[in-house]
Structures are given as structure tokens and as C-alpha cells.
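Asks: Here it is, the structure, as C-alpha cells.
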Amino acid sequence: MEKTKVAIIGLGTVGSGVARLLLDFGDRTARHAGRTLWLEKAVVRDLEKTRDCDLPAGVLTGNIDEVIDDPEIRVVAQLIGGLEPARTVMLRLLESGKDVVTANKALLAEHGPEIFDRARDLGRCVAFEASVAGGIPIIANIGQCLSANQLLSLQGILNGTSNFILSKMHEEGAAYQAVVAEAQRLGYAEADPAMDVDGTDAAQKLAILAHLGFGARVNWDEIPRSGIDSLDIIDVRFAEEMGYRIKLLAVAQLVDEGIELHVSPTLVRTGGPLAEVGGPYNAIRVVGDAVGELLFYGPGAGQMPTASAVVADMIDIAVGRCPITFRTLELWSNRASRVARADYHSARGRFYLRLTVDDSPGVLAQITQVLGEQSVSIASVLQHEPNEAGDSISLVIMTHKTTEGAASEACDKMSKLACVQATPVRMWVRD
Ligand code: NAP
Ligand code: HSE
């Protein structure tokens, strides 16, 4: 059988999984690719480290030039995280005539235009299925299978680590900090887990999906975002009491003015499809004008689910499918049409507000006056009898639909009231 030599750069969580699939299930990949994907080299930084895979002698190397200088290696899975040296490695690989697969969304969200332009100029291709939602084939679905549609909206749980932490908070009442370390140990988290929990990773993935699905060329760091890093267990409990779960939701919504984009902890109805997504799983709800509503669900992080997406991309390149779609999609191309960004403050929705207030007469009247002045209508109010004598109490307000701007302005004004003891907590609600 014909042989296509391939290489892996970075043999961490994902790289080791890719090596295992190529080495242990070579007959399977050969069947789908019509040729053997032969793992010629695996490049690492630290040659002494124990790896989560058994490599044949001569495959492991600390010298990337052994890949760059080998013209027979055609396909490379570039699985180093972060921006540098990942960017330089990526460009060097393309310049030396390789087609490249990557799972690195941070790199694509930051340097996508440069990398894709360079690949096009050189007649090479870049495949990136694993960069969004781990094992879920969302890139192929949005980029190819839904191309007869105008996408209208997308709501995604796109960060497995955050979802794992939130699930533990809901199910076990676990404290946020205790679960982060577990997510790291299980291989879900980024090298810097702050990117998982502060909304950065989800915003980078949303930028890729918004570009692919809506033609919106957007810098990921311009996407309004908040993470779960300051989420208090008390909000998890209040949400449950009112019939909701909290999820870190990435949202793209087409409105008259353009596209709305944001990433925020959001209350979703218990029993609804997004609320039921647990652990490191991801889900993406997509609405297209022709197809209607679709829901993609699956493991969003972890070794083998991510490796599954990487190896499928390697097969696509070896077969010759990927170069065709890459040329057609014109990603991050200056020729691609652009969609305007809608003003975030005009985005409409319901909000959960939690205020820590003085437990004294007239407080509720002051709060409702501020909300009224901002034309924010109250749907419900929740306050418990105090358990013990104290001078503060939590007051939870669910609003009717309003704008993000009005809700945030109301919170700013309420935080200035003498009876409000802490910065109000504000989250989107999606029924
Ligand atoms: P990881 O476990 O930290 O592995 C990164 C690997 O890169 C390590 O093996 C490291 O080598 C290697 N490396 C770093 N600098 C290098 C250099 N200069 N030369 C050669 N090798 C170098 O990370 P990971 O979890 O596998 O993630 C890899 C990428 O996939 C990231 O972009 C991540 O965002 C993305 N991703 C991860 C997941 C997941 O669930 N983990 C899912 C989807 C996407 P040493 O081992 O020798 O230090
Ligand atoms: N750290 C990422 C997550 C890996 O938890 O979703 C998958 O991209």
C-alpha cells in the first residue's frame, strides 16, 4: 500500500493521542485514507519526559529540522499550544512544503490571517477541526455541510474545562478552585488554565466559528466576554432554585445591524438541551435559514476525542479533500465579504441580577427605582428569610427582556447606592 509520511510536533495530551491512533490503529487510518499514514517523526522539547504512547525507535526527536528538511514528510500535526514558537513552527512547516493540521485555536484566532494567507500563497493547506469543540466535527459541518444556509444564530458550550467545573459545582457543590486542578490532571485544561475559565478560550473558538459560519472577521479580544472565574456557588444555588443551570455560553446572533457576539456565564433552563451538557462535553446549537435548528454534542476536550479530529484532518489531507475545501473557503481572506458587528449594548435578553444589600427598610424600593429609571422591567424577585442575624442579604432579580446596555447601566447605578454592599452579579438568561 502507498505510504504518506507524517510527523507530529508536540507530544503532550493531544500529540500522544494522535501518535496512539496512528500507531495502534494504522489499519483503520489506511482503510480511510487509501494509504498508510506512516509516523516518521515526533518532535518534542524534552526528550527525557515520559510519553503517553510507545514510539518505535528513531521516531522521537528534539530537532524540528528533521521534519522541515525531510521532503518525504507531507503532512504534519502541529500540536504545540500558545503563540510562540507555535506560529514560527507553523510558518516554517508551510514554507517547507508541508500541509499542516492544528488544534491550536489561540494561534488561529490571533494569527489566522497571516497563516492562512501564507498557506494560500504557497499552495498549501491548514486543517483545524480540533481547534473548536474537540471531538465534535463542527468545523466540517459549518464550513461544508451547512453551506447552503445563511446561519442565523449559534449558541455554544465551547470550553470543556469550564463546563467540567460548572457541572461539579452544580452536582457536588464543589468549590471552583478545587475542580480546576482536576481538569488539569485529566488533560482538559490549557497549559494556562486561566484562559479556560476567564472566557478567552471560548472567545477564540467563537471568533473562528463566527468567521467560518457568518463571514465575520473579528478579533477574538474584541468579543465581549466574561468567564466563570469569579462565579460564586451561591449563584449556582439560586439558579437551581429557579429552574436553571449556569453554562459558559458563546453566542453569535445575526440581527438587523450585523452580528452580535459575546461569551458569558448564562442561565439556561434545566431540562433544555444545553443545560444537560455535563462534564467536559461541548454542545453547539446552530440555526440555519434552510435547515432549521441543529444540535451538535460531544466531548469538547481530552486526549482521544481531540486526537480523533486531528487524525481525520490528516486523512483528509492525504486523500486530497482538505486542499480543495481550504482553497474554496478563503478563510481570513481579504476577498471574503465582511459582516458588520452589532453594538453589544443593544443586544437584547433577560438578565439574572444578584445584589448583596442591607437588610433594612426601603432597600427594595431604591433598587426598583433604579431599574425603573433604566426601563428594566422585573419578572421575579427572590429573597430568603435570613438564617441568622446579619446586616446583609442576597436579593435576586430576574428581569424581562431588556438591552445589555440598560442592564449594565442599572447595575452600575445600583452599585453606587449606599444600601448595596458589593458589585452586583449580572448574568444572561436564555429560556
Ligand atoms: P500539552 O499537553 O501542553 O502539550 C504540548 C506539547 O508541545 C508538549 O509535548 C511540549 O513538549 C510540546 N512543545 C512545546 N514547545 C515545543 C517546542 N518548542 N518544540 C517541540 N515541542 C514543543 O498541550 P495539549 O493539551 O496537547 O494541547 C496542544 C494544543 O491542542 C493546544 O493548542 C491546545 O489548545 C489544543 N487543544 C487541546 C485539547 C485538549 O483537550 N488538551 C483539545 C483541543 C485543542 P514537552 O512535552 O517536551 O514539553
Ligand atoms: N482547554 C480546552 C477546553 C481544550 O477545555 O475546552 C479544548 O479546546
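Residues are named by chain letter and number: chains run A, B, ... in the order of the C-alpha cells, numbers start at 1 in each chain, and ligands are numbered from 1 in the order shown.
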Enumerate, in order of chain and increasing residue number, the residues of chain A with an atom no farther than 7 Å from ligand 1, each with its shortest atom pair and distance in Å to one decimal, counting only C-alpha atoms and all ligand atoms, as a Markdown table.
Replies:
```
| residue | atom | partner | partner_atom_place_in_ligand_line | distance |
| --- | --- | --- | --- | --- |
| A:Ile9 | CA | ligand 1 | 21 (N) | 5.6 |
| A:Gly10 | CA | ligand 1 | 7 (O) | 3.5 |
| A:Leu11 | CA | ligand 1 | 9 (O) | 3.7 |
| A:Gly12 | CA | ligand 1 | 4 (O) | 3.3 |
| A:Thr13 | CA | ligand 1 | 26 (O) | 3.7 |
| A:Val14 | CA | ligand 1 | 26 (O) | 3.8 |
| A:Gly15 | CA | ligand 1 | 26 (O) | 5.6 |
| A:Val43 | CA | ligand 1 | 20 (C) | 5.3 |
| A:Val44 | CA | ligand 1 | 21 (N) | 3.8 |
| A:Arg45 | CA | ligand 1 | 47 (O) | 3.6 |
| A:Asp46 | CA | ligand 1 | 47 (O) | 3.7 |
| A:Leu47 | CA | ligand 1 | 47 (O) | 6.3 |
| A:Lys49 | CA | ligand 1 | 47 (O) | 6.5 |
| A:Gly62 | CA | ligand 1 | 20 (C) | 6.7 |
| A:Leu79 | CA | ligand 1 | 28 (C) | 4.6 |
| A:Ile80 | CA | ligand 1 | 7 (O) | 3.8 |
| A:Gly81 | CA | ligand 1 | 32 (O) | 3.3 |
| A:Gly82 | CA | ligand 1 | 32 (O) | 5.9 |
| A:Pro85 | CA | ligand 1 | 18 (N) | 5.7 |
| A:Ala103 | CA | ligand 1 | 30 (O) | 4.4 |
| A:Asn104 | CA | ligand 1 | 32 (O) | 3.4 |
| A:Lys105 | CA | ligand 1 | 34 (O) | 6.1 |
| A:Ala106 | CA | ligand 1 | 32 (O) | 6.7 |
| A:Ala130 | CA | ligand 1 | 43 (C) | 5.5 |
| A:Ser131 | CA | ligand 1 | 44 (C) | 5.1 |
| A:Val132 | CA | ligand 1 | 43 (C) | 6.8 |
| A:Ala133 | CA | ligand 1 | 43 (C) | 6.9 |
| A:Gly134 | CA | ligand 1 | 43 (C) | 4.7 |
| A:Gly187 | CA | ligand 1 | 41 (N) | 5.1 |
| A:Tyr188 | CA | ligand 1 | 40 (O) | 4.3 |
| A:Ala189 | CA | ligand 1 | 41 (N) | 6.1 |
| A:Glu190 | CA | ligand 1 | 34 (O) | 5.7 |
| A:Ala191 | CA | ligand 1 | 3 (O) | 5.3 |
| A:Gly300 | CA | ligand 1 | 42 (C) | 6.9 |
| A:Ala301 | CA | ligand 1 | 40 (O) | 3.6 |
| A:Gly302 | CA | ligand 1 | 40 (O) | 3.6 |
| A:Gln303 | CA | ligand 1 | 40 (O) | 5.5 |
| A:Thr306 | CA | ligand 1 | 42 (C) | 5.2 |
```
Asks: Using C-alpha atoms, can you export the residues from the last selection as a short mmCIF file (atom, residue, chain, number, x, y, z; two decimals), in the first residue's frame?
Replies:
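part.cif, freshly written:
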```cif
data_model
loop_
_atom_site.label_atom_id
_atom_site.label_comp_id
_atom_site.auth_asym_id
_atom_site.auth_seq_id
_atom_site.Cartn_x
_atom_site.Cartn_y
_atom_site.Cartn_z
CA ILE A 9 5.19 18.39 16.61
CA GLY A 10 4.39 18.37 20.34
CA LEU A 11 3.72 15.10 22.11
CA GLY A 12 1.61 16.29 25.04
CA THR A 13 -2.01 15.33 25.73
CA VAL A 14 -3.22 15.65 22.14
CA GLY A 15 0.02 14.71 20.36
CA VAL A 43 9.23 16.34 17.81
CA VAL A 44 9.34 17.29 21.50
CA ARG A 45 11.12 19.83 23.66
CA ASP A 46 12.16 17.49 26.45
CA LEU A 47 13.49 14.13 25.25
CA LYS A 49 9.93 13.15 29.61
CA GLY A 62 14.18 17.13 19.74
CA LEU A 79 0.29 20.37 18.41
CA ILE A 80 2.28 22.89 20.40
CA GLY A 81 0.00 25.23 22.36
CA GLY A 82 0.28 29.01 22.75
CA PRO A 85 7.05 29.08 18.96
CA ALA A 103 -5.64 22.09 17.26
CA ASN A 104 -4.31 25.46 18.36
CA LYS A 105 -7.26 27.88 18.42
CA ALA A 106 -5.28 30.59 20.21
CA ALA A 130 -9.71 20.02 16.51
CA SER A 131 -9.34 23.71 17.28
CA VAL A 132 -13.05 24.08 18.20
CA ALA A 133 -15.09 21.70 20.37
CA GLY A 134 -12.56 18.86 20.49
CA GLY A 187 -5.90 16.84 30.30
CA TYR A 188 -8.83 19.18 29.56
CA ALA A 189 -7.26 22.49 30.53
CA GLU A 190 -4.87 24.70 28.60
CA ALA A 191 -1.26 25.00 29.77
CA GLY A 300 -15.10 19.00 23.77
CA ALA A 301 -11.71 18.31 25.32
CA GLY A 302 -9.45 15.43 26.25
CA GLN A 303 -6.84 13.29 24.60
CA THR A 306 -9.23 15.69 20.14
#
```
Asks: Give me the residues near Thr29 of chain A as an MDAnalysis selection string, where near means some atom within 12 Å (using only C-alpha atoms) and where sequence neighbours in that chain fewer than 3 positions away do not count.
Replies: chainID A and resid 3:4 18:26 32:39 308 310:316 318:319
Asks: Any idea what's packed within 6 Å of segment 342-353 of chain A, counting only C-alpha atoms, ignoring anything in its chain fewer than 2 positions away? Could you give it as a list of chain:residue names?
Replies: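 My reading of the contact set: A:Glu257, A:Gly258, A:Ile259, A:Glu260, A:Val396, A:Ile397, A:Met398, A:Thr399, A:His400, A:Lys401, A:Thr402, A:Thr403, A:Glu404, A:Gly405, A:Val425, A:Arg426, A:Met427, A:Trp428, A:Val429.
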Asks: Find the residues near segment 153-155 of chain A: any atom within 9 Å, counting only C-alpha atoms, skip ones fewer than 3 places away on the same chain, and give them as a PyMOL selection string.
Replies: chain A and resi 209-210+249-254+274+283-288
Asks: Next, write the just-selected residues to a file, as a short mmCIF file (atom, residue, chain, number, x, y, z; two decimals), in the first residue's frame, keeping N, CA, C and O atoms as the atom set.
Replies:
```
data_model
loop_
_atom_site.label_atom_id
_atom_site.label_comp_id
_atom_site.auth_asym_id
_atom_site.auth_seq_id
_atom_site.Cartn_x
_atom_site.Cartn_y
_atom_site.Cartn_z
N LEU A 209 -15.49 30.28 14.69
CA LEU A 209 -16.81 29.86 14.18
C LEU A 209 -17.54 31.02 13.51
O LEU A 209 -18.23 30.84 12.50
N ALA A 210 -17.40 32.22 14.09
CA ALA A 210 -18.09 33.39 13.51
C ALA A 210 -17.52 33.69 12.13
O ALA A 210 -18.24 34.07 11.20
N LEU A 249 -21.61 30.30 27.93
CA LEU A 249 -22.18 30.24 26.58
C LEU A 249 -21.51 31.25 25.65
O LEU A 249 -21.35 32.42 25.99
N ALA A 250 -21.13 30.75 24.47
CA ALA A 250 -20.62 31.62 23.41
C ALA A 250 -21.76 31.82 22.42
O ALA A 250 -22.36 30.85 21.97
N VAL A 251 -22.07 33.08 22.12
CA VAL A 251 -23.26 33.37 21.32
C VAL A 251 -22.90 34.21 20.09
O VAL A 251 -22.16 35.19 20.18
N ALA A 252 -23.41 33.78 18.95
CA ALA A 252 -23.34 34.59 17.72
C ALA A 252 -24.77 34.69 17.21
O ALA A 252 -25.45 33.67 17.05
N GLN A 253 -25.22 35.89 16.97
CA GLN A 253 -26.63 36.08 16.59
C GLN A 253 -26.70 37.15 15.51
O GLN A 253 -26.18 38.25 15.69
N LEU A 254 -27.34 36.77 14.41
CA LEU A 254 -27.50 37.74 13.33
C LEU A 254 -28.69 38.65 13.64
O LEU A 254 -29.79 38.15 13.91
N LEU A 274 -29.02 22.38 26.29
CA LEU A 274 -27.73 22.92 26.71
C LEU A 274 -27.49 22.70 28.20
O LEU A 274 -26.37 22.47 28.64
N ALA A 283 -21.44 21.51 23.40
CA ALA A 283 -22.61 21.43 22.52
C ALA A 283 -22.72 22.74 21.77
O ALA A 283 -22.37 23.80 22.30
N ILE A 284 -23.18 22.64 20.53
CA ILE A 284 -23.36 23.85 19.73
C ILE A 284 -24.73 23.75 19.08
O ILE A 284 -25.01 22.80 18.35
N ARG A 285 -25.56 24.75 19.38
CA ARG A 285 -26.88 24.82 18.76
C ARG A 285 -26.76 25.82 17.62
O ARG A 285 -26.37 26.97 17.83
N VAL A 286 -27.07 25.36 16.41
CA VAL A 286 -26.92 26.21 15.23
C VAL A 286 -28.29 26.32 14.56
O VAL A 286 -28.99 25.32 14.40
N VAL A 287 -28.66 27.53 14.16
CA VAL A 287 -29.89 27.70 13.39
C VAL A 287 -29.52 28.24 12.01
O VAL A 287 -28.85 29.27 11.89
N GLY A 288 -29.93 27.50 10.98
CA GLY A 288 -29.71 27.93 9.59
C GLY A 288 -31.05 28.22 8.95
O GLY A 288 -32.06 27.61 9.33
#
```
Asks: Just list as an mmCIF file with N, CA and C atoms, in the first residue's frame whatever in segment 78-189 of chain A DSSP marks as strand (DSSP E).
Replies:
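As written to disk, states_7.cif reads:
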```
data_model
loop_
_atom_site.group_PDB
_atom_site.id
_atom_site.type_symbol
_atom_site.label_atom_id
_atom_site.label_comp_id
_atom_site.auth_asym_id
_atom_site.auth_seq_id
_atom_site.Cartn_x
_atom_site.Cartn_y
_atom_site.Cartn_z
ATOM 1 N N GLN A 78 0.668 19.887 13.970
ATOM 2 C CA GLN A 78 1.398 20.854 14.796
ATOM 3 C C GLN A 78 0.611 21.031 16.088
ATOM 4 N N ASP A 99 1.653 20.283 4.377
ATOM 5 C CA ASP A 99 0.298 20.673 4.779
ATOM 6 C C ASP A 99 0.207 20.440 6.278
ATOM 7 N N VAL A 100 -0.518 21.326 6.972
ATOM 8 C CA VAL A 100 -0.450 21.296 8.435
ATOM 9 C C VAL A 100 -1.837 21.162 9.061
ATOM 10 N N VAL A 101 -1.897 20.320 10.087
ATOM 11 C CA VAL A 101 -3.109 20.176 10.908
ATOM 12 C C VAL A 101 -2.797 20.806 12.256
ATOM 13 N N THR A 102 -3.734 21.577 12.797
ATOM 14 C CA THR A 102 -3.501 22.131 14.130
ATOM 15 C C THR A 102 -4.757 22.075 14.981
ATOM 16 N N VAL A 126 -4.192 24.263 5.534
ATOM 17 C CA VAL A 126 -4.194 24.161 7.001
ATOM 18 C C VAL A 126 -5.550 23.578 7.406
ATOM 19 N N ALA A 127 -5.532 22.524 8.201
ATOM 20 C CA ALA A 127 -6.783 21.920 8.674
ATOM 21 C C ALA A 127 -6.863 22.112 10.186
ATOM 22 N N LEU A 151 -26.484 31.138 8.153
ATOM 23 C CA LEU A 151 -26.642 30.869 9.586
ATOM 24 C C LEU A 151 -27.297 32.077 10.237
ATOM 25 N N LEU A 152 -28.236 31.793 11.148
ATOM 26 C CA LEU A 152 -28.950 32.871 11.830
ATOM 27 C C LEU A 152 -28.442 33.051 13.250
ATOM 28 N N SER A 153 -28.110 31.941 13.897
ATOM 29 C CA SER A 153 -27.588 32.053 15.258
ATOM 30 C C SER A 153 -26.813 30.809 15.632
ATOM 31 N N LEU A 154 -25.989 30.987 16.635
ATOM 32 C CA LEU A 154 -25.174 29.871 17.152
ATOM 33 C C LEU A 154 -25.002 30.113 18.652
ATOM 34 N N GLN A 155 -25.266 29.074 19.420
ATOM 35 C CA GLN A 155 -25.010 29.156 20.867
ATOM 36 C C GLN A 155 -24.186 27.944 21.240
ATOM 37 N N GLY A 156 -23.029 28.184 21.841
ATOM 38 C CA GLY A 156 -22.169 27.038 22.090
ATOM 39 C C GLY A 156 -21.589 26.985 23.480
ATOM 40 N N ILE A 157 -21.546 25.761 24.000
ATOM 41 C CA ILE A 157 -20.706 25.483 25.172
ATOM 42 C C ILE A 157 -19.392 25.027 24.554
#
```
Asks: Which polymer residues have any atom within 10 Å of an atom of Ser167 of chain A, counting only C-alpha atoms, with same-chain residues fewer than 6 positions away left out, as an NGL selection string?
Replies: :A and (161 or 173-174 or 179 or 245-247 or 275-280)
Asks: Given only C-alpha atoms and all ligand atoms as the basis, pick out the residue of A:Cys322, A:Ala7, A:Met195, A:Leu329 nearest to ligand 2.
Replies: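 Among A:Cys322, A:Ala7, A:Met195, A:Leu329, it is A:Met195 that comes nearest to ligand 2.
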Asks: List as a ChimeraX atom specification the protein and nucleic acid residues near Met242 of chain A, meaning an atom at most 10 Å away when only C-alpha atoms are counted, but skip any in the same chain fewer than 3 places from it.
Replies: /A:237-239,245,267,269-270,380,382,398
Asks: From the set A:Ile393, A:Leu186, A:Leu231, A:Val339, which residue has the shortest atom-to-atom contact distance to Leu261 of chain A, counting only C-alpha atoms?
Replies: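 Comparing A:Ile393, A:Leu186, A:Leu231, A:Val339 against Leu261 of chain A, the winner is A:Val339.
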Asks: What's the 12 Å shell around Ala57 of chain A, counting only C-alpha atoms, without same-chain residues fewer than 4 positions away, as a PyMOL selection string?
Replies: chain A and resi 39-42+61
Asks: For a test of reading the model, state the distance in Å between atom CA of Asp117 of chain A and atom CA of Trp332 of chain A, rounded to one decimal.
Replies: 7.6 Å
Asks: I'd like to know which of A:Leu94, A:Leu206, A:Ala407, A:Cys145 is closest to ligand 2, using only C-alpha atoms and all ligand atoms.
Replies: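 Ranking A:Leu94, A:Leu206, A:Ala407, A:Cys145 by distance to ligand 2, first place goes to A:Leu206.
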